Amino acid sequence: MTARYSHNYRKGVLGLFKMLMDDSVVKYKLRTETPIVEQRRRGRYEKKQVRRVKRPLPFRAVHQLAVNAHTVWGYTGWTYIWTIAFTGMRPPGEMFGLQRGFSSPNWPQSEPDPALREEALQRYQKMPAIRVQYQTYTDDRRQVLAAPKYDSWRTLVIPPFLHEMHQALLASHRSPWAFVSMTGKPLLSTNFDDQYWFPIRDGAPERPVRPRYERWARPAIPAVGEMAGEDIYRLRHWHKALLDEPGADVARVAIEGRMGHELPGVEGVYSEVTVGMEERIVEYLQGVWEKEVVGAGLWVAPFPMSLPDDLLDEAPPLFSGLPVLE
């Protein structure tokens, strides 16, 4: 076994063999004399900490992340942070895989599935929405599309302020991807943590102007202490906590559905997300933005310059054309 199989496989087989031997002696008494000694646990039992303790993440810390992202990455970074924070989409896969055709300025009119398109056009006439249809990753050195984690296809209604951000973002480039790199390429081709997330989270010193490298310059970026050592996935958890607030008044089935989860048991069988629940989510999230950002006078990134419509006699592609991994 050592010569032919991996360590994990050998460990699994030996663990199963040990369980069989223990049961044969201790449970079924197939041997009267045994070297196996049953020993009770001694001392005080202390549960192991398997989850990282979450530090409080105030709204202003999330805003600072978005400001830092704008410094690092421009309007794309600003919109990227707020999209995770106000939709709970999973980074990096679902965020990297969001295509123009599934973004709120185009969807559901651009939905490829006729049945889903007809249903969505009726349901989302007055609510902008994002369709989580794919995630993207590298498989055998090629970029592919795949189903979201746990096959959690879903539609996420978004507040008007976020819809306006996506409108401005898509008007500023012609890529089929909603979020592109600093050089306009797919994010899957970047070292996202080193080049984007770490400077956004941990801050970075000023980069002065250099000859022929004016675009390289940027001001100093402050660290966001509340996010020290945290993954960007923390913003998805923050979104869940935001919807769990007592004043949110959002049904549990709507929250779990938005996160891409299924309610267990009978509750999951009989519950469903209604239009009224989605309208409440939009109303509540828009209210949070108006109170915490607009009402508090926090800085808001200006819309980027839109590309002229008359340069090319064709619309930008809605979808990437990447192969879908079954």
# chains A, B, ... in the order shown; residues from 1 in each chain; ligands from 1
call {"tool": "residues_around", "arguments": {"residues": "segment 296-309 of chain A", "least_positions_apart": "6", "cutoff": "12 Å", "atoms": "only C-alpha atoms", "output": "ChimeraX atom specification"}}
result
/A:59-64,66-71,73-79,82,161,164-175,288-290,315-316
call {"tool": "select_by_dssp", "arguments": {"residues": "segment 5-211 of chain A", "states": "strand (DSSP E or B)", "output": "number ranges by chain"}}
result
A: 99, 129-132, 135-139, 142-146, 154-157, 177, 180, 186, 204, 207
call {"tool": "closest_atom_pairs", "arguments": {"of": "segment 102-209 of chain A", "to": "segment 214-218 of chain A", "cutoff": "8 Å", "atoms": "only C-alpha atoms", "output": "CSV"}}
result
residue,atom,partner,partner_atom,distance
A:Glu206,CA,A:Arg218,CA,6.0
A:Arg207,CA,A:Ala217,CA,4.8
A:Pro208,CA,A:Ala217,CA,5.1
A:Val209,CA,A:Ala217,CA,4.9
call {"tool": "select_by_dssp", "arguments": {"residues": "segment 58-296 of chain A", "states": "helix (DSSP H, G or I)", "output": "compact mmCIF listing (two decimals) with N, CA, C and O atoms, in the first residue's frame"}}
result
# COMPACT_ATOMS: atom_id res chain seq x y z
N PHE A 59 -20.01 49.52 9.75
CA PHE A 59 -20.26 49.94 8.38
C PHE A 59 -19.12 50.80 7.85
O PHE A 59 -18.74 50.67 6.67
N ARG A 60 -18.57 51.65 8.67
CA ARG A 60 -17.51 52.54 8.19
C ARG A 60 -16.25 51.77 7.79
O ARG A 60 -15.49 52.24 6.94
N ALA A 61 -16.04 50.61 8.39
CA ALA A 61 -14.90 49.78 7.98
C ALA A 61 -15.14 49.22 6.58
O ALA A 61 -14.22 49.15 5.76
N VAL A 62 -16.38 48.82 6.29
CA VAL A 62 -16.71 48.34 4.95
C VAL A 62 -16.57 49.47 3.95
O VAL A 62 -16.05 49.29 2.84
N HIS A 63 -17.01 50.66 4.34
CA HIS A 63 -16.86 51.82 3.46
C HIS A 63 -15.38 52.10 3.18
O HIS A 63 -14.99 52.40 2.03
N GLN A 64 -14.54 51.97 4.20
CA GLN A 64 -13.11 52.21 4.00
C GLN A 64 -12.51 51.17 3.05
O GLN A 64 -11.64 51.50 2.23
N LEU A 65 -12.98 49.93 3.14
CA LEU A 65 -12.53 48.92 2.17
C LEU A 65 -12.88 49.34 0.75
O LEU A 65 -12.07 49.19 -0.17
N ALA A 66 -14.10 49.86 0.57
CA ALA A 66 -14.52 50.29 -0.76
C ALA A 66 -13.71 51.48 -1.25
O ALA A 66 -13.35 51.56 -2.43
N VAL A 67 -13.39 52.41 -0.34
CA VAL A 67 -12.55 53.55 -0.72
C VAL A 67 -11.16 53.07 -1.11
O VAL A 67 -10.59 53.52 -2.12
N ASN A 68 -10.59 52.17 -0.32
CA ASN A 68 -9.27 51.61 -0.65
C ASN A 68 -9.31 50.89 -1.99
O ASN A 68 -8.36 50.97 -2.77
N ALA A 69 -10.39 50.15 -2.22
CA ALA A 69 -10.51 49.43 -3.49
C ALA A 69 -10.57 50.40 -4.66
O ALA A 69 -10.03 50.11 -5.74
N HIS A 70 -11.19 51.54 -4.47
CA HIS A 70 -11.22 52.56 -5.53
C HIS A 70 -9.82 53.10 -5.79
O HIS A 70 -9.43 53.32 -6.95
N THR A 71 -9.02 53.28 -4.74
CA THR A 71 -7.65 53.75 -4.91
C THR A 71 -6.80 52.72 -5.66
O THR A 71 -6.01 53.06 -6.53
N VAL A 72 -6.99 51.45 -5.32
CA VAL A 72 -6.20 50.38 -5.93
C VAL A 72 -6.67 50.08 -7.34
O VAL A 72 -5.87 49.87 -8.26
N TRP A 73 -7.98 50.10 -7.56
CA TRP A 73 -8.58 49.42 -8.71
C TRP A 73 -9.58 50.27 -9.47
O TRP A 73 -10.20 49.83 -10.42
N TYR A 75 -13.08 52.45 -10.25
CA TYR A 75 -14.51 52.26 -10.00
C TYR A 75 -14.90 50.79 -9.95
O TYR A 75 -15.86 50.41 -9.26
N THR A 76 -14.17 49.94 -10.64
CA THR A 76 -14.43 48.51 -10.58
C THR A 76 -14.27 47.99 -9.16
O THR A 76 -15.10 47.22 -8.67
N GLY A 77 -13.21 48.42 -8.47
CA GLY A 77 -12.99 47.99 -7.10
C GLY A 77 -14.06 48.50 -6.16
O GLY A 77 -14.52 47.78 -5.27
N TRP A 78 -14.45 49.74 -6.34
CA TRP A 78 -15.52 50.34 -5.53
C TRP A 78 -16.80 49.51 -5.65
O TRP A 78 -17.42 49.14 -4.65
N THR A 79 -17.18 49.18 -6.86
CA THR A 79 -18.40 48.41 -7.08
C THR A 79 -18.26 46.97 -6.62
O THR A 79 -19.21 46.36 -6.13
N TYR A 80 -17.06 46.41 -6.76
CA TYR A 80 -16.81 45.03 -6.36
C TYR A 80 -17.08 44.84 -4.87
O TYR A 80 -17.77 43.90 -4.47
N ILE A 81 -16.54 45.74 -4.04
CA ILE A 81 -16.72 45.62 -2.59
C ILE A 81 -18.18 45.77 -2.21
O ILE A 81 -18.72 44.96 -1.43
N TRP A 82 -18.87 46.75 -2.75
CA TRP A 82 -20.26 46.97 -2.39
C TRP A 82 -21.16 45.85 -2.91
O TRP A 82 -22.20 45.55 -2.30
N THR A 83 -20.79 45.21 -4.01
CA THR A 83 -21.60 44.11 -4.53
C THR A 83 -21.56 42.92 -3.58
O THR A 83 -22.60 42.32 -3.28
N ILE A 84 -20.39 42.57 -3.09
CA ILE A 84 -20.31 41.47 -2.12
C ILE A 84 -21.07 41.84 -0.85
O ILE A 84 -21.85 41.05 -0.32
N ALA A 85 -20.85 43.07 -0.36
CA ALA A 85 -21.44 43.49 0.90
C ALA A 85 -22.96 43.57 0.86
O ALA A 85 -23.62 43.38 1.88
N PHE A 86 -23.53 43.84 -0.33
CA PHE A 86 -24.98 44.02 -0.41
C PHE A 86 -25.69 42.93 -1.20
O PHE A 86 -26.89 43.03 -1.44
N THR A 87 -24.96 41.88 -1.60
CA THR A 87 -25.61 40.73 -2.23
C THR A 87 -25.23 39.41 -1.55
O THR A 87 -25.97 38.44 -1.63
N GLY A 93 -15.27 32.90 -6.85
CA GLY A 93 -15.88 32.23 -8.00
C GLY A 93 -17.07 32.93 -8.60
O GLY A 93 -17.11 33.24 -9.79
N GLU A 94 -18.09 33.22 -7.78
CA GLU A 94 -19.31 33.84 -8.31
C GLU A 94 -19.06 35.28 -8.75
O GLU A 94 -19.66 35.74 -9.72
N MET A 95 -18.19 35.98 -8.03
CA MET A 95 -17.90 37.36 -8.41
C MET A 95 -17.06 37.41 -9.70
O MET A 95 -17.34 38.20 -10.59
N PHE A 96 -16.04 36.56 -9.79
CA PHE A 96 -15.24 36.51 -11.01
C PHE A 96 -16.10 36.07 -12.19
O PHE A 96 -15.87 36.48 -13.33
N ARG A 100 -21.75 40.08 -18.08
CA ARG A 100 -22.57 41.24 -18.41
C ARG A 100 -24.04 40.86 -18.60
O ARG A 100 -24.95 41.57 -18.17
N GLY A 101 -24.28 39.71 -19.24
CA GLY A 101 -25.64 39.30 -19.52
C GLY A 101 -26.44 38.91 -18.30
O GLY A 101 -27.68 38.85 -18.36
N PHE A 102 -25.76 38.62 -17.18
CA PHE A 102 -26.46 38.26 -15.94
C PHE A 102 -26.45 39.40 -14.92
O PHE A 102 -26.87 39.21 -13.78
N PRO A 114 -35.57 30.50 -22.21
CA PRO A 114 -36.84 31.19 -22.48
C PRO A 114 -37.83 31.10 -21.32
O PRO A 114 -38.50 32.10 -21.00
N ALA A 115 -37.94 29.94 -20.69
CA ALA A 115 -38.90 29.78 -19.60
C ALA A 115 -38.53 30.66 -18.41
O ALA A 115 -39.38 31.34 -17.83
N LEU A 116 -37.25 30.64 -18.04
CA LEU A 116 -36.79 31.47 -16.93
C LEU A 116 -36.93 32.95 -17.28
O LEU A 116 -37.30 33.76 -16.43
N ARG A 117 -36.64 33.30 -18.53
CA ARG A 117 -36.74 34.71 -18.94
C ARG A 117 -38.18 35.22 -18.81
O ARG A 117 -38.42 36.30 -18.27
N GLU A 118 -39.14 34.43 -19.25
CA GLU A 118 -40.53 34.84 -19.17
C GLU A 118 -40.98 35.01 -17.72
O GLU A 118 -41.64 35.99 -17.37
N GLU A 119 -40.60 34.07 -16.87
CA GLU A 119 -40.97 34.14 -15.46
C GLU A 119 -40.32 35.34 -14.79
O GLU A 119 -40.96 36.07 -14.02
N ALA A 120 -39.04 35.57 -15.09
CA ALA A 120 -38.30 36.65 -14.44
C ALA A 120 -38.78 38.02 -14.91
O ALA A 120 -38.82 38.98 -14.13
N LEU A 121 -39.17 38.14 -16.18
CA LEU A 121 -39.67 39.42 -16.69
C LEU A 121 -40.93 39.84 -15.96
O LEU A 121 -41.16 41.04 -15.72
N GLN A 122 -41.75 38.89 -15.62
CA GLN A 122 -42.97 39.20 -14.88
C GLN A 122 -42.67 39.53 -13.42
O GLN A 122 -43.28 40.44 -12.84
N ARG A 123 -41.73 38.82 -12.83
CA ARG A 123 -41.47 38.98 -11.39
C ARG A 123 -40.64 40.21 -11.09
O ARG A 123 -40.84 40.88 -10.05
N LYS A 149 -21.47 27.01 -6.25
CA LYS A 149 -21.28 26.04 -5.18
C LYS A 149 -22.62 25.48 -4.72
O LYS A 149 -23.58 26.23 -4.55
N TYR A 150 -22.67 24.18 -4.53
CA TYR A 150 -23.89 23.45 -4.13
C TYR A 150 -25.03 23.61 -5.15
O TYR A 150 -26.19 23.49 -4.79
N ASP A 151 -24.69 23.92 -6.40
CA ASP A 151 -25.72 24.15 -7.42
C ASP A 151 -26.72 25.21 -6.98
O ASP A 151 -27.93 25.11 -7.22
N PRO A 160 -31.56 50.12 -5.60
CA PRO A 160 -31.30 51.02 -6.74
C PRO A 160 -29.88 51.57 -6.79
O PRO A 160 -29.31 51.71 -7.87
N PHE A 161 -29.28 51.91 -5.64
CA PHE A 161 -27.94 52.49 -5.68
C PHE A 161 -26.94 51.53 -6.28
O PHE A 161 -26.03 51.93 -7.03
N LEU A 162 -27.07 50.23 -5.98
CA LEU A 162 -26.14 49.24 -6.52
C LEU A 162 -26.40 49.01 -8.01
O LEU A 162 -25.46 48.80 -8.79
N HIS A 163 -27.64 49.04 -8.40
CA HIS A 163 -27.99 48.92 -9.82
C HIS A 163 -27.36 50.06 -10.62
O HIS A 163 -26.83 49.85 -11.72
N GLU A 164 -27.41 51.27 -10.08
CA GLU A 164 -26.79 52.42 -10.76
C GLU A 164 -25.28 52.25 -10.87
O GLU A 164 -24.68 52.62 -11.89
N MET A 165 -24.66 51.68 -9.85
CA MET A 165 -23.22 51.40 -9.93
C MET A 165 -22.91 50.44 -11.07
O MET A 165 -21.96 50.64 -11.84
N HIS A 166 -23.72 49.38 -11.19
CA HIS A 166 -23.48 48.40 -12.25
C HIS A 166 -23.74 48.99 -13.63
O HIS A 166 -23.06 48.65 -14.60
N GLN A 167 -24.72 49.86 -13.74
CA GLN A 167 -24.95 50.53 -15.01
C GLN A 167 -23.72 51.35 -15.42
O GLN A 167 -23.28 51.28 -16.57
N ALA A 168 -23.20 52.13 -14.48
CA ALA A 168 -22.03 52.95 -14.78
C ALA A 168 -20.81 52.09 -15.08
O ALA A 168 -20.02 52.40 -15.98
N LEU A 169 -20.64 51.00 -14.33
CA LEU A 169 -19.48 50.13 -14.53
C LEU A 169 -19.50 49.49 -15.92
O LEU A 169 -18.50 49.50 -16.64
N LEU A 170 -20.64 48.92 -16.30
CA LEU A 170 -20.72 48.25 -17.60
C LEU A 170 -20.60 49.24 -18.75
O LEU A 170 -20.13 48.86 -19.84
N ALA A 171 -21.00 50.48 -18.53
CA ALA A 171 -20.87 51.49 -19.58
C ALA A 171 -19.43 51.95 -19.78
O ALA A 171 -19.11 52.57 -20.79
N LEU A 187 -10.54 38.51 -14.21
CA LEU A 187 -9.90 38.48 -12.89
C LEU A 187 -9.27 37.13 -12.59
O LEU A 187 -8.38 37.03 -11.74
N LEU A 188 -9.72 36.09 -13.26
CA LEU A 188 -9.18 34.76 -13.01
C LEU A 188 -7.70 34.67 -13.37
O LEU A 188 -6.98 33.81 -12.88
N SER A 189 -7.23 35.58 -14.21
CA SER A 189 -5.83 35.56 -14.63
C SER A 189 -4.93 36.38 -13.71
O SER A 189 -3.74 36.51 -13.98
N PHE A 192 -5.06 37.73 -7.28
CA PHE A 192 -6.00 38.67 -6.69
C PHE A 192 -5.59 39.08 -5.27
O PHE A 192 -5.66 40.26 -4.92
N ASP A 193 -5.20 38.13 -4.45
CA ASP A 193 -4.85 38.46 -3.07
C ASP A 193 -3.69 39.45 -3.01
O ASP A 193 -3.78 40.48 -2.32
N ASP A 194 -2.61 39.16 -3.68
CA ASP A 194 -1.42 40.00 -3.59
C ASP A 194 -1.61 41.36 -4.25
O ASP A 194 -1.21 42.39 -3.71
N GLN A 195 -2.24 41.36 -5.42
CA GLN A 195 -2.33 42.59 -6.20
C GLN A 195 -3.52 43.46 -5.83
O GLN A 195 -3.48 44.68 -6.04
N TYR A 196 -4.56 42.86 -5.27
CA TYR A 196 -5.79 43.61 -5.01
C TYR A 196 -6.17 43.59 -3.52
O TYR A 196 -6.24 44.62 -2.88
N TRP A 197 -6.45 42.39 -2.99
CA TRP A 197 -7.05 42.32 -1.67
C TRP A 197 -6.11 42.78 -0.55
O TRP A 197 -6.53 43.53 0.34
N PHE A 198 -4.87 42.36 -0.56
CA PHE A 198 -3.98 42.72 0.54
C PHE A 198 -3.76 44.23 0.64
O PHE A 198 -3.82 44.79 1.75
N PRO A 199 -3.51 44.95 -0.46
CA PRO A 199 -3.43 46.41 -0.33
C PRO A 199 -4.75 47.05 0.12
O PRO A 199 -4.74 48.02 0.87
N ILE A 200 -5.88 46.49 -0.32
CA ILE A 200 -7.18 47.03 0.09
C ILE A 200 -7.38 46.82 1.59
O ILE A 200 -7.84 47.72 2.30
N ARG A 201 -7.03 45.67 2.09
CA ARG A 201 -7.26 45.33 3.50
C ARG A 201 -6.18 45.88 4.42
O ARG A 201 -6.47 46.46 5.48
N ASP A 202 -4.92 45.70 4.04
CA ASP A 202 -3.79 46.01 4.93
C ASP A 202 -3.19 47.38 4.69
O ASP A 202 -2.31 47.81 5.43
N GLU A 214 3.12 57.17 -15.05
CA GLU A 214 2.20 58.01 -14.30
C GLU A 214 1.05 57.20 -13.71
O GLU A 214 0.57 57.48 -12.60
N ARG A 215 0.57 56.17 -14.43
CA ARG A 215 -0.55 55.39 -13.94
C ARG A 215 -0.17 54.52 -12.75
O ARG A 215 -1.05 54.02 -12.03
N TRP A 216 1.12 54.35 -12.53
CA TRP A 216 1.60 53.53 -11.42
C TRP A 216 1.44 54.26 -10.09
O TRP A 216 1.32 53.65 -9.03
N GLY A 225 -8.24 48.14 10.15
CA GLY A 225 -7.87 47.31 11.30
C GLY A 225 -8.87 46.23 11.62
O GLY A 225 -8.50 45.12 12.03
N GLU A 226 -10.16 46.51 11.43
CA GLU A 226 -11.19 45.53 11.75
C GLU A 226 -11.12 44.30 10.85
O GLU A 226 -11.70 43.26 11.16
N MET A 227 -10.44 44.42 9.70
CA MET A 227 -10.34 43.30 8.76
C MET A 227 -8.95 42.66 8.77
O MET A 227 -8.65 41.86 7.88
N ARG A 234 -15.23 37.50 4.32
CA ARG A 234 -15.85 38.07 5.52
C ARG A 234 -17.00 39.01 5.15
O ARG A 234 -17.96 39.15 5.92
N LEU A 235 -16.93 39.65 4.00
CA LEU A 235 -17.99 40.56 3.58
C LEU A 235 -19.29 39.80 3.28
O LEU A 235 -20.38 40.35 3.46
N ARG A 236 -19.19 38.58 2.84
CA ARG A 236 -20.39 37.76 2.64
C ARG A 236 -21.05 37.47 3.98
O ARG A 236 -22.28 37.55 4.11
N HIS A 237 -20.26 37.17 5.00
CA HIS A 237 -20.81 36.97 6.34
C HIS A 237 -21.43 38.26 6.87
O HIS A 237 -22.45 38.22 7.56
N TRP A 238 -20.80 39.37 6.56
CA TRP A 238 -21.32 40.67 6.99
C TRP A 238 -22.71 40.92 6.39
O TRP A 238 -23.60 41.44 7.06
N HIS A 239 -22.89 40.52 5.14
CA HIS A 239 -24.20 40.69 4.50
C HIS A 239 -25.26 39.86 5.21
O HIS A 239 -26.39 40.33 5.43
N LYS A 240 -24.93 38.63 5.58
CA LYS A 240 -25.87 37.79 6.31
C LYS A 240 -26.25 38.43 7.64
O LYS A 240 -27.43 38.46 8.02
N ALA A 241 -25.25 38.97 8.36
CA ALA A 241 -25.54 39.63 9.63
C ALA A 241 -26.40 40.86 9.43
O ALA A 241 -27.27 41.17 10.26
N LEU A 242 -26.19 41.57 8.34
CA LEU A 242 -26.98 42.76 8.04
C LEU A 242 -28.46 42.40 7.88
O LEU A 242 -29.34 43.09 8.40
N LEU A 243 -28.74 41.31 7.19
CA LEU A 243 -30.12 40.89 6.99
C LEU A 243 -30.72 40.28 8.25
O LEU A 243 -31.95 40.22 8.38
N ASP A 244 -29.87 39.81 9.16
CA ASP A 244 -30.36 39.23 10.41
C ASP A 244 -30.70 40.29 11.46
O ASP A 244 -31.25 39.96 12.52
N PRO A 246 -32.51 42.90 13.75
CA PRO A 246 -33.93 42.93 14.13
C PRO A 246 -34.75 43.91 13.31
O PRO A 246 -35.89 43.63 12.95
N GLY A 247 -34.18 45.06 12.96
CA GLY A 247 -34.93 46.04 12.19
C GLY A 247 -35.09 45.71 10.73
O GLY A 247 -35.86 46.37 10.02
N ALA A 248 -34.37 44.68 10.26
CA ALA A 248 -34.45 44.34 8.84
C ALA A 248 -35.80 43.75 8.49
O ALA A 248 -36.34 44.01 7.41
N ARG A 252 -36.60 34.45 7.18
CA ARG A 252 -35.43 33.56 7.20
C ARG A 252 -35.27 32.82 5.88
O ARG A 252 -34.15 32.65 5.39
N VAL A 253 -36.36 32.38 5.28
CA VAL A 253 -36.25 31.65 4.02
C VAL A 253 -35.66 32.55 2.93
O VAL A 253 -34.92 32.08 2.07
N ALA A 254 -35.99 33.84 2.97
CA ALA A 254 -35.45 34.76 1.97
C ALA A 254 -33.96 35.01 2.20
O ALA A 254 -33.19 35.14 1.24
N ILE A 255 -33.56 35.07 3.46
CA ILE A 255 -32.14 35.27 3.77
C ILE A 255 -31.31 34.07 3.32
O ILE A 255 -30.29 34.21 2.64
N GLU A 256 -31.76 32.87 3.69
CA GLU A 256 -31.00 31.67 3.33
C GLU A 256 -30.98 31.46 1.83
O GLU A 256 -29.98 31.04 1.26
N GLY A 257 -32.10 31.74 1.17
CA GLY A 257 -32.12 31.63 -0.28
C GLY A 257 -31.15 32.60 -0.94
O GLY A 257 -30.50 32.28 -1.93
N ARG A 258 -31.06 33.78 -0.38
CA ARG A 258 -30.14 34.79 -0.92
C ARG A 258 -28.69 34.36 -0.76
O ARG A 258 -27.85 34.65 -1.61
N MET A 259 -28.40 33.66 0.33
CA MET A 259 -27.04 33.19 0.57
C MET A 259 -26.72 31.93 -0.22
O MET A 259 -25.59 31.44 -0.19
N GLY A 265 -35.29 20.42 6.70
CA GLY A 265 -36.51 19.89 7.29
C GLY A 265 -37.80 20.40 6.66
O GLY A 265 -37.83 20.87 5.52
N VAL A 266 -38.86 20.32 7.45
CA VAL A 266 -40.19 20.70 6.97
C VAL A 266 -40.26 22.17 6.60
O VAL A 266 -40.93 22.56 5.64
N GLU A 267 -39.53 23.01 7.35
CA GLU A 267 -39.55 24.44 7.05
C GLU A 267 -39.06 24.71 5.64
O GLU A 267 -39.62 25.55 4.92
N GLY A 268 -38.01 23.99 5.22
CA GLY A 268 -37.50 24.18 3.87
C GLY A 268 -38.44 23.67 2.80
O GLY A 268 -38.49 24.21 1.69
N VAL A 269 -39.21 22.63 3.13
CA VAL A 269 -40.15 22.06 2.15
C VAL A 269 -41.32 23.00 1.90
O VAL A 269 -41.75 23.21 0.77
N TYR A 270 -41.84 23.62 2.96
CA TYR A 270 -43.07 24.39 2.84
C TYR A 270 -42.84 25.89 2.63
O TYR A 270 -43.77 26.60 2.26
N VAL A 275 -42.51 37.59 -3.66
CA VAL A 275 -42.16 38.90 -4.20
C VAL A 275 -42.11 39.93 -3.09
O VAL A 275 -41.24 40.81 -3.05
N GLY A 276 -43.05 39.83 -2.15
CA GLY A 276 -43.07 40.76 -1.04
C GLY A 276 -41.80 40.70 -0.21
O GLY A 276 -41.29 41.73 0.26
N MET A 277 -41.26 39.50 -0.02
CA MET A 277 -40.01 39.35 0.73
C MET A 277 -38.86 40.03 -0.02
O MET A 277 -38.02 40.70 0.58
N GLU A 278 -38.82 39.85 -1.32
CA GLU A 278 -37.75 40.46 -2.11
C GLU A 278 -37.89 41.98 -2.13
O GLU A 278 -36.88 42.71 -2.08
N GLU A 279 -39.10 42.47 -2.20
CA GLU A 279 -39.32 43.92 -2.15
C GLU A 279 -38.84 44.48 -0.81
O GLU A 279 -38.28 45.58 -0.75
N ARG A 280 -39.05 43.73 0.26
CA ARG A 280 -38.58 44.16 1.57
C ARG A 280 -37.07 44.22 1.62
O ARG A 280 -36.48 45.14 2.20
N ILE A 281 -36.39 43.25 1.00
CA ILE A 281 -34.93 43.25 0.97
C ILE A 281 -34.42 44.50 0.26
O ILE A 281 -33.50 45.19 0.74
N VAL A 282 -35.01 44.82 -0.90
CA VAL A 282 -34.59 46.00 -1.65
C VAL A 282 -34.81 47.27 -0.83
O VAL A 282 -33.93 48.14 -0.74
N GLU A 283 -35.97 47.37 -0.22
CA GLU A 283 -36.29 48.55 0.58
C GLU A 283 -35.33 48.71 1.75
O GLU A 283 -34.83 49.81 2.02
N TYR A 284 -35.07 47.62 2.43
CA TYR A 284 -34.19 47.67 3.60
C TYR A 284 -32.76 48.02 3.22
O TYR A 284 -32.13 48.89 3.85
N LEU A 285 -32.20 47.37 2.20
CA LEU A 285 -30.82 47.63 1.80
C LEU A 285 -30.64 49.06 1.29
O LEU A 285 -29.62 49.69 1.56
N GLN A 286 -31.61 49.55 0.54
CA GLN A 286 -31.53 50.93 0.09
C GLN A 286 -31.57 51.89 1.28
O GLN A 286 -30.84 52.89 1.31
N GLY A 287 -32.39 51.57 2.27
CA GLY A 287 -32.45 52.40 3.47
C GLY A 287 -31.14 52.41 4.23
O GLY A 287 -30.73 53.46 4.77
N VAL A 288 -30.48 51.26 4.30
CA VAL A 288 -29.17 51.20 4.97
C VAL A 288 -28.17 52.11 4.27
O VAL A 288 -27.43 52.87 4.90
N TRP A 289 -28.14 52.05 2.94
CA TRP A 289 -27.21 52.89 2.16
C TRP A 289 -27.49 54.37 2.39
O TRP A 289 -26.57 55.17 2.62
N GLU A 290 -28.75 54.76 2.32
CA GLU A 290 -29.11 56.17 2.47
C GLU A 290 -28.80 56.67 3.88
O GLU A 290 -28.43 57.84 4.06
N LYS A 291 -28.93 55.81 4.87
CA LYS A 291 -28.64 56.23 6.24
C LYS A 291 -27.14 56.26 6.52
O LYS A 291 -26.61 57.25 7.05
N GLU A 292 -26.44 55.18 6.17
CA GLU A 292 -25.05 55.02 6.57
C GLU A 292 -24.06 55.74 5.66
O GLU A 292 -22.94 56.06 6.09
N VAL A 293 -24.44 55.98 4.41
CA VAL A 293 -23.52 56.63 3.46
C VAL A 293 -24.01 58.03 3.13
O VAL A 293 -23.34 59.03 3.42
N VAL A 294 -25.18 58.13 2.52
CA VAL A 294 -25.69 59.44 2.10
C VAL A 294 -25.97 60.31 3.32
O VAL A 294 -25.51 61.46 3.39
call {"tool": "atom_distance", "arguments": {"atom1": "atom CA of Pro323 of chain A", "atom2": "atom CA of Arg141 of chain A"}}
result
12.9 Å
call {"tool": "atom_distance", "arguments": {"atom1": "atom CA of Val144 of chain A", "atom2": "atom CA of Leu325 of chain A"}}
result
6.3 Å
call {"tool": "atom_distance", "arguments": {"atom1": "atom CA of Tyr5 of chain A", "atom2": "atom CA of Asp140 of chain A"}}
result
22.4 Å
call {"tool": "closest_residue", "arguments": {"among": "A:Met89, A:Leu318, A:Ala223, A:Met127", "to": "Pro148 of chain A", "atoms": "only C-alpha atoms"}}
result
A:Met89
